[in-house]
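S.K.: Data: protein_25.txt, compact mmCIF, N, CA and C atoms and all ligand atoms.
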```txt
# COMPACT_ATOMS: atom_id res chain seq x y z
N MET G 25 108.20 133.55 5.97
CA MET G 25 107.16 132.94 6.79
C MET G 25 106.24 134.04 7.24
N SER G 26 104.97 133.80 7.07
CA SER G 26 103.99 134.81 7.47
C SER G 26 103.80 134.75 8.97
N VAL G 27 103.12 135.75 9.49
CA VAL G 27 102.89 135.82 10.94
C VAL G 27 102.02 134.67 11.40
N SER G 28 101.00 134.34 10.65
CA SER G 28 100.12 133.26 11.09
C SER G 28 100.83 131.91 11.04
N THR G 29 101.70 131.72 10.08
CA THR G 29 102.45 130.48 9.99
C THR G 29 103.43 130.38 11.16
N ARG G 30 104.10 131.52 11.48
CA ARG G 30 105.04 131.53 12.60
C ARG G 30 104.31 131.21 13.91
N ARG G 31 103.12 131.81 14.07
CA ARG G 31 102.35 131.54 15.30
C ARG G 31 101.97 130.07 15.37
N ARG G 32 101.58 129.54 14.21
CA ARG G 32 101.18 128.12 14.17
C ARG G 32 102.39 127.24 14.49
N PHE G 33 103.54 127.61 14.01
CA PHE G 33 104.77 126.86 14.28
C PHE G 33 105.09 126.87 15.79
N ILE G 34 104.93 128.04 16.42
CA ILE G 34 105.22 128.17 17.85
C ILE G 34 104.25 127.32 18.68
N GLU G 35 103.02 127.20 18.19
CA GLU G 35 102.04 126.40 18.93
C GLU G 35 102.33 124.90 18.81
N ILE G 36 102.85 124.50 17.68
CA ILE G 36 103.03 123.06 17.44
C ILE G 36 104.33 122.53 17.99
N VAL G 37 105.38 123.35 17.99
CA VAL G 37 106.72 122.86 18.35
C VAL G 37 106.77 122.19 19.73
N PRO G 38 106.18 122.76 20.77
CA PRO G 38 106.31 122.07 22.07
C PRO G 38 105.71 120.67 22.06
N PHE G 39 104.56 120.51 21.43
CA PHE G 39 103.95 119.17 21.40
C PHE G 39 104.74 118.22 20.53
N ALA G 40 105.27 118.72 19.46
CA ALA G 40 106.08 117.88 18.59
C ALA G 40 107.34 117.44 19.32
N GLY G 41 107.92 118.38 20.11
CA GLY G 41 109.12 118.04 20.89
C GLY G 41 108.83 116.95 21.90
N LEU G 42 107.71 117.09 22.56
CA LEU G 42 107.34 116.08 23.55
C LEU G 42 107.13 114.72 22.90
N ALA G 43 106.46 114.73 21.76
CA ALA G 43 106.21 113.48 21.06
C ALA G 43 107.53 112.86 20.62
N PHE G 44 108.47 113.69 20.21
CA PHE G 44 109.77 113.18 19.79
C PHE G 44 110.53 112.58 20.96
N VAL G 45 110.51 113.27 22.07
CA VAL G 45 111.22 112.77 23.26
C VAL G 45 110.61 111.46 23.73
N ALA G 46 109.28 111.41 23.71
CA ALA G 46 108.61 110.19 24.16
C ALA G 46 108.93 109.03 23.25
N ALA G 47 109.00 109.27 21.96
CA ALA G 47 109.28 108.20 21.02
C ALA G 47 110.70 107.69 21.15
N CYS G 48 111.61 108.55 21.52
CA CYS G 48 113.01 108.15 21.61
C CYS G 48 113.40 107.62 22.97
N SER G 49 112.57 107.79 23.96
CA SER G 49 112.94 107.35 25.32
C SER G 49 112.78 105.84 25.42
N PRO G 50 113.63 105.20 26.22
CA PRO G 50 113.45 103.75 26.42
C PRO G 50 112.15 103.49 27.18
N LYS G 51 111.59 102.35 26.89
CA LYS G 51 110.33 102.01 27.56
C LYS G 51 110.58 101.81 29.04
N VAL G 52 109.72 102.40 29.80
CA VAL G 52 109.84 102.27 31.26
C VAL G 52 108.71 101.38 31.73
N GLU G 53 109.10 100.35 32.37
CA GLU G 53 108.08 99.44 32.92
C GLU G 53 107.32 100.13 34.04
N ALA G 54 106.06 99.85 34.09
CA ALA G 54 105.26 100.39 35.19
C ALA G 54 105.80 99.82 36.51
N PRO G 55 105.90 100.66 37.48
CA PRO G 55 106.44 100.15 38.75
C PRO G 55 105.54 99.06 39.33
N VAL G 56 106.17 98.05 39.80
CA VAL G 56 105.44 96.95 40.40
C VAL G 56 105.36 97.21 41.90
N ALA G 57 104.16 97.15 42.37
CA ALA G 57 104.00 97.38 43.81
C ALA G 57 104.67 96.25 44.58
N VAL G 58 105.51 96.63 45.46
CA VAL G 58 106.19 95.64 46.29
C VAL G 58 105.54 95.65 47.67
N LEU G 59 104.85 94.59 47.93
CA LEU G 59 104.19 94.51 49.23
C LEU G 59 105.20 94.07 50.28
N PRO G 60 105.10 94.66 51.43
CA PRO G 60 106.02 94.23 52.49
C PRO G 60 105.70 92.80 52.90
N THR G 61 106.74 92.03 53.05
CA THR G 61 106.53 90.66 53.50
C THR G 61 106.25 90.67 54.99
N PRO G 62 105.35 89.82 55.40
CA PRO G 62 105.05 89.80 56.84
C PRO G 62 106.28 89.40 57.63
N ALA G 63 106.40 90.03 58.76
CA ALA G 63 107.55 89.74 59.61
C ALA G 63 107.49 88.30 60.08
N ALA G 64 108.63 87.70 60.12
CA ALA G 64 108.70 86.33 60.63
C ALA G 64 108.28 86.32 62.10
N PRO G 65 107.55 85.31 62.51
CA PRO G 65 107.13 85.28 63.92
C PRO G 65 108.34 85.21 64.84
N GLU G 66 108.17 85.86 65.97
CA GLU G 66 109.23 85.85 66.97
C GLU G 66 109.43 84.42 67.46
N PRO G 67 110.66 84.03 67.60
CA PRO G 67 110.87 82.67 68.14
C PRO G 67 110.32 82.61 69.57
N VAL G 68 109.65 81.52 69.82
CA VAL G 68 109.07 81.35 71.15
C VAL G 68 110.15 80.81 72.07
N MET G 69 110.44 81.62 73.06
CA MET G 69 111.45 81.22 74.03
C MET G 69 110.77 80.38 75.11
N PRO G 70 111.40 79.34 75.52
CA PRO G 70 110.80 78.57 76.62
C PRO G 70 110.75 79.43 77.87
N SER G 71 109.61 79.32 78.56
CA SER G 71 109.49 80.14 79.77
C SER G 71 110.45 79.62 80.83
N PRO G 72 111.01 80.55 81.56
CA PRO G 72 111.95 80.10 82.59
C PRO G 72 111.23 79.28 83.65
N VAL G 73 111.93 78.38 84.17
CA VAL G 73 111.36 77.53 85.21
C VAL G 73 111.33 78.32 86.52
N VAL G 74 110.12 78.56 86.97
CA VAL G 74 109.96 79.30 88.21
C VAL G 74 109.67 78.29 89.31
N PRO G 75 110.46 78.30 90.32
CA PRO G 75 110.19 77.33 91.38
C PRO G 75 108.86 77.64 92.05
N SER G 76 108.11 76.60 92.29
CA SER G 76 106.82 76.82 92.94
C SER G 76 107.06 77.20 94.40
N PRO G 77 106.15 78.03 94.91
CA PRO G 77 106.34 78.44 96.30
C PRO G 77 106.20 77.25 97.24
N ALA G 78 106.82 77.39 98.36
CA ALA G 78 106.76 76.32 99.34
C ALA G 78 105.31 76.14 99.80
N PRO G 79 104.88 74.91 100.01
CA PRO G 79 103.51 74.71 100.47
C PRO G 79 103.34 75.34 101.85
N PRO G 80 102.11 75.74 102.15
CA PRO G 80 101.90 76.37 103.46
C PRO G 80 102.19 75.38 104.58
N GLU G 81 102.57 75.94 105.67
CA GLU G 81 102.86 75.11 106.83
C GLU G 81 101.56 74.44 107.30
N PRO G 82 101.61 73.14 107.54
CA PRO G 82 100.39 72.50 108.06
C PRO G 82 100.12 72.97 109.49
N MET G 83 98.87 72.86 109.87
CA MET G 83 98.52 73.23 111.24
C MET G 83 99.31 72.31 112.18
N PRO G 84 99.91 72.87 113.18
CA PRO G 84 100.68 72.02 114.09
C PRO G 84 99.76 71.07 114.84
N ALA G 85 100.28 69.87 115.05
CA ALA G 85 99.49 68.88 115.77
C ALA G 85 99.31 69.32 117.22
N THR G 86 100.32 69.92 117.74
CA THR G 86 100.22 70.42 119.11
C THR G 86 100.18 71.93 119.07
N THR G 87 99.47 72.50 119.94
CA THR G 87 99.32 73.95 119.94
C THR G 87 100.03 74.60 121.11
N ALA G 88 100.85 73.82 121.76
CA ALA G 88 101.56 74.37 122.92
C ALA G 88 102.42 75.56 122.49
N GLY G 89 102.36 76.60 123.26
CA GLY G 89 103.17 77.77 122.98
C GLY G 89 102.57 78.73 121.97
N MET G 90 101.41 78.39 121.45
CA MET G 90 100.79 79.28 120.47
C MET G 90 100.20 80.50 121.18
N PRO G 91 100.38 81.69 120.65
CA PRO G 91 99.86 82.87 121.34
C PRO G 91 98.33 82.93 121.29
N MET G 92 97.77 83.64 122.22
CA MET G 92 96.32 83.82 122.27
C MET G 92 95.91 84.97 121.34
N VAL G 93 94.73 84.86 120.83
CA VAL G 93 94.16 85.95 120.04
C VAL G 93 93.90 87.13 120.99
N GLY G 94 94.28 88.28 120.58
CA GLY G 94 93.98 89.48 121.36
C GLY G 94 92.67 90.08 120.88
N GLU G 95 91.89 90.58 121.79
CA GLU G 95 90.59 91.14 121.41
C GLU G 95 90.74 92.36 120.50
N LYS G 96 91.92 92.96 120.54
CA LYS G 96 92.14 94.15 119.69
C LYS G 96 92.80 93.80 118.36
N ASP G 97 93.10 92.52 118.13
CA ASP G 97 93.63 92.12 116.82
C ASP G 97 92.57 92.47 115.76
N ALA G 98 93.04 92.83 114.59
CA ALA G 98 92.12 93.27 113.53
C ALA G 98 91.04 92.23 113.23
N GLN G 99 91.45 90.97 113.12
CA GLN G 99 90.48 89.91 112.83
C GLN G 99 89.51 89.74 113.99
N ALA G 100 90.02 89.86 115.21
CA ALA G 100 89.16 89.72 116.39
C ALA G 100 88.13 90.84 116.44
N VAL G 101 88.56 92.04 116.14
CA VAL G 101 87.62 93.18 116.14
C VAL G 101 86.57 92.96 115.06
N ALA G 102 87.02 92.50 113.89
CA ALA G 102 86.09 92.30 112.78
C ALA G 102 85.03 91.25 113.11
N LEU G 103 85.42 90.25 113.92
CA LEU G 103 84.50 89.16 114.24
C LEU G 103 83.90 89.30 115.64
N ASN G 104 84.12 90.45 116.27
CA ASN G 104 83.57 90.72 117.61
C ASN G 104 84.03 89.68 118.63
N TYR G 105 85.27 89.21 118.46
CA TYR G 105 85.78 88.18 119.36
C TYR G 105 86.00 88.75 120.76
N VAL G 106 85.61 87.98 121.74
CA VAL G 106 85.93 88.28 123.15
C VAL G 106 86.43 86.98 123.76
N ASP G 107 87.36 87.11 124.72
CA ASP G 107 87.88 85.88 125.31
C ASP G 107 87.01 85.37 126.46
N ASP G 108 85.92 86.06 126.71
CA ASP G 108 84.93 85.59 127.69
C ASP G 108 83.55 85.82 127.08
N ALA G 109 82.88 84.73 126.75
CA ALA G 109 81.59 84.83 126.06
C ALA G 109 80.58 85.65 126.84
N ALA G 110 80.77 85.76 128.17
CA ALA G 110 79.84 86.54 128.98
C ALA G 110 79.90 88.03 128.59
N ARG G 111 81.00 88.44 127.97
CA ARG G 111 81.13 89.84 127.56
C ARG G 111 80.75 90.05 126.09
N ALA G 112 80.18 89.07 125.45
CA ALA G 112 79.80 89.21 124.03
C ALA G 112 78.80 90.36 123.89
N ASN G 113 79.01 91.14 122.90
CA ASN G 113 78.13 92.28 122.65
C ASN G 113 76.87 91.77 121.95
N THR G 114 75.93 91.35 122.76
CA THR G 114 74.72 90.72 122.20
C THR G 114 73.79 91.73 121.55
N THR G 115 73.95 93.00 121.86
CA THR G 115 73.11 93.99 121.17
C THR G 115 73.65 94.29 119.78
N LYS G 116 74.97 94.24 119.66
CA LYS G 116 75.59 94.51 118.35
C LYS G 116 75.45 93.31 117.42
N VAL G 117 75.56 92.11 118.01
CA VAL G 117 75.53 90.89 117.19
C VAL G 117 74.16 90.24 117.37
N ALA G 118 73.35 90.34 116.36
CA ALA G 118 71.96 89.88 116.47
C ALA G 118 71.84 88.36 116.55
N ASN G 119 72.82 87.64 116.01
CA ASN G 119 72.68 86.18 115.96
C ASN G 119 73.27 85.50 117.19
N HIS G 120 73.52 86.23 118.25
CA HIS G 120 74.11 85.63 119.44
C HIS G 120 73.15 84.61 120.03
N VAL G 121 73.69 83.44 120.36
CA VAL G 121 72.90 82.37 120.95
C VAL G 121 73.33 82.24 122.40
N ALA G 122 72.38 82.27 123.30
CA ALA G 122 72.70 82.15 124.72
C ALA G 122 73.48 80.86 124.97
N GLY G 123 74.55 80.94 125.74
CA GLY G 123 75.35 79.75 126.07
C GLY G 123 76.39 79.41 125.02
N SER G 124 76.43 80.15 123.93
CA SER G 124 77.42 79.84 122.89
C SER G 124 78.79 80.35 123.30
N GLN G 125 79.78 79.54 123.05
CA GLN G 125 81.18 79.92 123.29
C GLN G 125 82.05 79.02 122.45
N CYS G 126 83.34 79.33 122.42
CA CYS G 126 84.23 78.62 121.51
C CYS G 126 84.20 77.11 121.71
N ASN G 127 84.21 76.64 122.96
CA ASN G 127 84.31 75.19 123.15
C ASN G 127 83.04 74.43 122.77
N ASN G 128 81.99 75.09 122.37
CA ASN G 128 80.84 74.38 121.81
C ASN G 128 80.54 74.87 120.39
N CYS G 129 81.58 75.40 119.77
CA CYS G 129 81.49 75.89 118.38
C CYS G 129 82.05 74.81 117.45
N ALA G 130 81.45 74.65 116.30
CA ALA G 130 81.88 73.64 115.32
C ALA G 130 83.30 73.91 114.81
N LEU G 131 83.77 75.13 114.89
CA LEU G 131 85.09 75.45 114.35
C LEU G 131 86.20 75.27 115.37
N TYR G 132 85.85 75.08 116.60
CA TYR G 132 86.84 74.95 117.66
C TYR G 132 87.44 73.56 117.65
N SER G 133 88.77 73.46 117.75
CA SER G 133 89.40 72.15 117.71
C SER G 133 90.15 71.81 119.00
N GLY G 134 89.92 72.57 120.05
CA GLY G 134 90.53 72.22 121.34
C GLY G 134 89.83 71.00 121.93
N LYS G 135 90.56 70.33 122.81
CA LYS G 135 89.96 69.16 123.47
C LYS G 135 89.12 69.62 124.66
N ALA G 136 88.21 68.74 125.06
CA ALA G 136 87.39 69.04 126.23
C ALA G 136 88.31 69.27 127.42
N GLY G 137 88.05 70.31 128.17
CA GLY G 137 88.87 70.61 129.33
C GLY G 137 90.04 71.55 129.05
N ASP G 138 90.41 71.73 127.77
CA ASP G 138 91.48 72.68 127.43
C ASP G 138 90.99 74.10 127.69
N ALA G 139 91.90 74.94 128.13
CA ALA G 139 91.53 76.34 128.34
C ALA G 139 91.49 77.11 127.03
N ALA G 140 92.15 76.58 126.02
CA ALA G 140 92.19 77.26 124.72
C ALA G 140 92.37 76.23 123.62
N GLY G 141 92.09 76.63 122.42
CA GLY G 141 92.24 75.73 121.29
C GLY G 141 92.33 76.52 119.99
N MET G 142 92.43 75.77 118.92
CA MET G 142 92.59 76.44 117.63
C MET G 142 91.24 76.68 116.97
N CYS G 143 91.24 77.72 116.19
CA CYS G 143 90.07 78.06 115.37
C CYS G 143 90.62 78.50 114.02
N PRO G 144 90.10 77.95 112.93
CA PRO G 144 90.64 78.31 111.61
C PRO G 144 90.46 79.78 111.25
N LEU G 145 89.62 80.47 111.97
CA LEU G 145 89.44 81.90 111.67
C LEU G 145 90.59 82.74 112.23
N PHE G 146 91.37 82.14 113.12
CA PHE G 146 92.51 82.84 113.71
C PHE G 146 93.75 81.94 113.59
N PRO G 147 94.25 81.77 112.39
CA PRO G 147 95.39 80.86 112.21
C PRO G 147 96.62 81.33 112.98
N GLY G 148 97.27 80.35 113.57
CA GLY G 148 98.51 80.64 114.30
C GLY G 148 98.28 81.16 115.71
N LYS G 149 97.04 81.20 116.13
CA LYS G 149 96.76 81.68 117.48
C LYS G 149 95.69 80.80 118.13
N HIS G 150 95.63 80.89 119.44
CA HIS G 150 94.61 80.19 120.20
C HIS G 150 93.43 81.11 120.49
N VAL G 151 92.27 80.50 120.54
CA VAL G 151 91.12 81.23 121.07
C VAL G 151 90.80 80.61 122.42
N ALA G 152 90.24 81.39 123.30
CA ALA G 152 89.88 80.89 124.62
C ALA G 152 88.69 79.95 124.52
N ALA G 153 88.72 78.87 125.28
CA ALA G 153 87.60 77.91 125.27
C ALA G 153 86.29 78.61 125.64
N LYS G 154 86.39 79.58 126.52
CA LYS G 154 85.19 80.32 126.91
C LYS G 154 85.00 81.60 126.09
N GLY G 155 85.76 81.70 125.01
CA GLY G 155 85.64 82.88 124.16
C GLY G 155 84.43 82.78 123.25
N TRP G 156 84.30 83.76 122.41
CA TRP G 156 83.15 83.79 121.50
C TRP G 156 83.43 84.78 120.38
N CYS G 157 82.85 84.52 119.24
CA CYS G 157 82.88 85.52 118.16
C CYS G 157 81.59 85.38 117.36
N SER G 158 81.36 86.34 116.50
CA SER G 158 80.10 86.39 115.76
C SER G 158 80.01 85.33 114.66
N SER G 159 81.08 84.54 114.48
CA SER G 159 81.01 83.45 113.50
C SER G 159 80.70 82.11 114.16
N TRP G 160 80.32 82.15 115.41
CA TRP G 160 80.02 80.91 116.15
C TRP G 160 78.99 80.07 115.38
N VAL G 161 79.27 78.76 115.32
CA VAL G 161 78.37 77.81 114.68
C VAL G 161 78.20 76.65 115.65
N LYS G 162 76.99 76.25 115.90
CA LYS G 162 76.75 75.17 116.85
C LYS G 162 77.45 73.89 116.44
N LYS G 163 78.17 73.31 117.42
CA LYS G 163 78.83 72.04 117.16
C LYS G 163 77.79 70.94 117.02
N ALA G 164 77.92 70.08 116.04
CA ALA G 164 76.95 69.02 115.80
C ALA G 164 77.07 67.92 116.85
S1 LIG U 201 84.43 80.69 115.13
FE1 LIG U 201 83.85 79.57 116.95
S2 LIG U 201 85.78 78.79 117.79
FE2 LIG U 201 86.28 80.40 116.35
S3 LIG U 201 86.42 82.22 117.62
FE3 LIG U 201 84.36 82.16 116.81
S4 LIG U 201 83.18 81.11 118.39
FE4 LIG U 201 85.32 80.73 118.80
```
Will you turn the file into structure tokens for me?
M.R.:
Amino acid sequence: MSVSTRRRFIEIVPFAGLAFVAACSPKVEAPVAVLPTPAAPEPVMPSPVVPSPAPPEPMPATTAGMPMVGEKDAQAVALNYVDDAARANTTKVANHVAGSQCNNCALYSGKAGDAAGMCPLFPGKHVAAKGWCSSWVKKA
């Protein structure tokens, strides 16, 4: 074998080997892409029965024994409440109406002659009939 023939043989053998191996190998199917199946939806559990909160206490028909609003209570301070309308801060509250007091306010529910009565702005407490706050509204 000449040198050029030997060189040519060395160049061809690897490719021939590969071709031989490929021809003798079993056919391999192309891999099939397997898509993930979507997860089954979570079973819907029935929501637990939550007892509804107790309804709020209705306003008592009688107000006997109900405490008085204190002028230093947070709500009273916020509304400039005083238990004597004569002490209303008329310079601070621009909408003050002369002669206005709780017992002639639309929100007051005390009876005529009562010293105190209820006002929805101060739940659970009495306001003085002669009291006043900056939310006063003329009784119709
Ligand atoms: S809203 Fe009327 S009844 Fe209530 S505190 Fe004010 S002035 Fe008095």
S.K.: From the set G:Val121, G:Ala130, G:Ala136, G:Thr115, which residue has the shortest atom-to-atom contact distance to ligand LIG 201 (chain U), counting only N, CA and C atoms and all ligand atoms?
M.R.: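 Between G:Val121, G:Ala130, G:Ala136, G:Thr115, the residue approaching ligand LIG 201 (chain U) most closely is G:Ala130.
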S.K.: Neighbours of ligand LIG 201 (chain U) within 5 Å, counting all atoms listed in the file, as an MDAnalysis selection string?
M.R.: chainID G and resid 125:126 129 131:132 143 155:157 159:161
S.K.: For Gly141 of chain G, please output as an MDAnalysis selection string all residues within 6 Å (counting all atoms listed in the file; exclusion window: fewer than 3 positions along the same chain).
M.R.: chainID G and resid 133:135 138 149:153
S.K.: Excluding Lys116 of chain G and its own-chain neighbours fewer than 3 positions away, which residues fall within 12 Å of it when counting only C-alpha atoms? Please give them as a ChimeraX atom specification.
M.R.: /G:103-104,111-113,119-120,157-158
S.K.: To one decimal place, how far is atom CA of Gly148 of chain G from atom N of Ala109 of chain G in Å?
M.R.: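 That distance, rounded to one decimal, is 20.4 Å.
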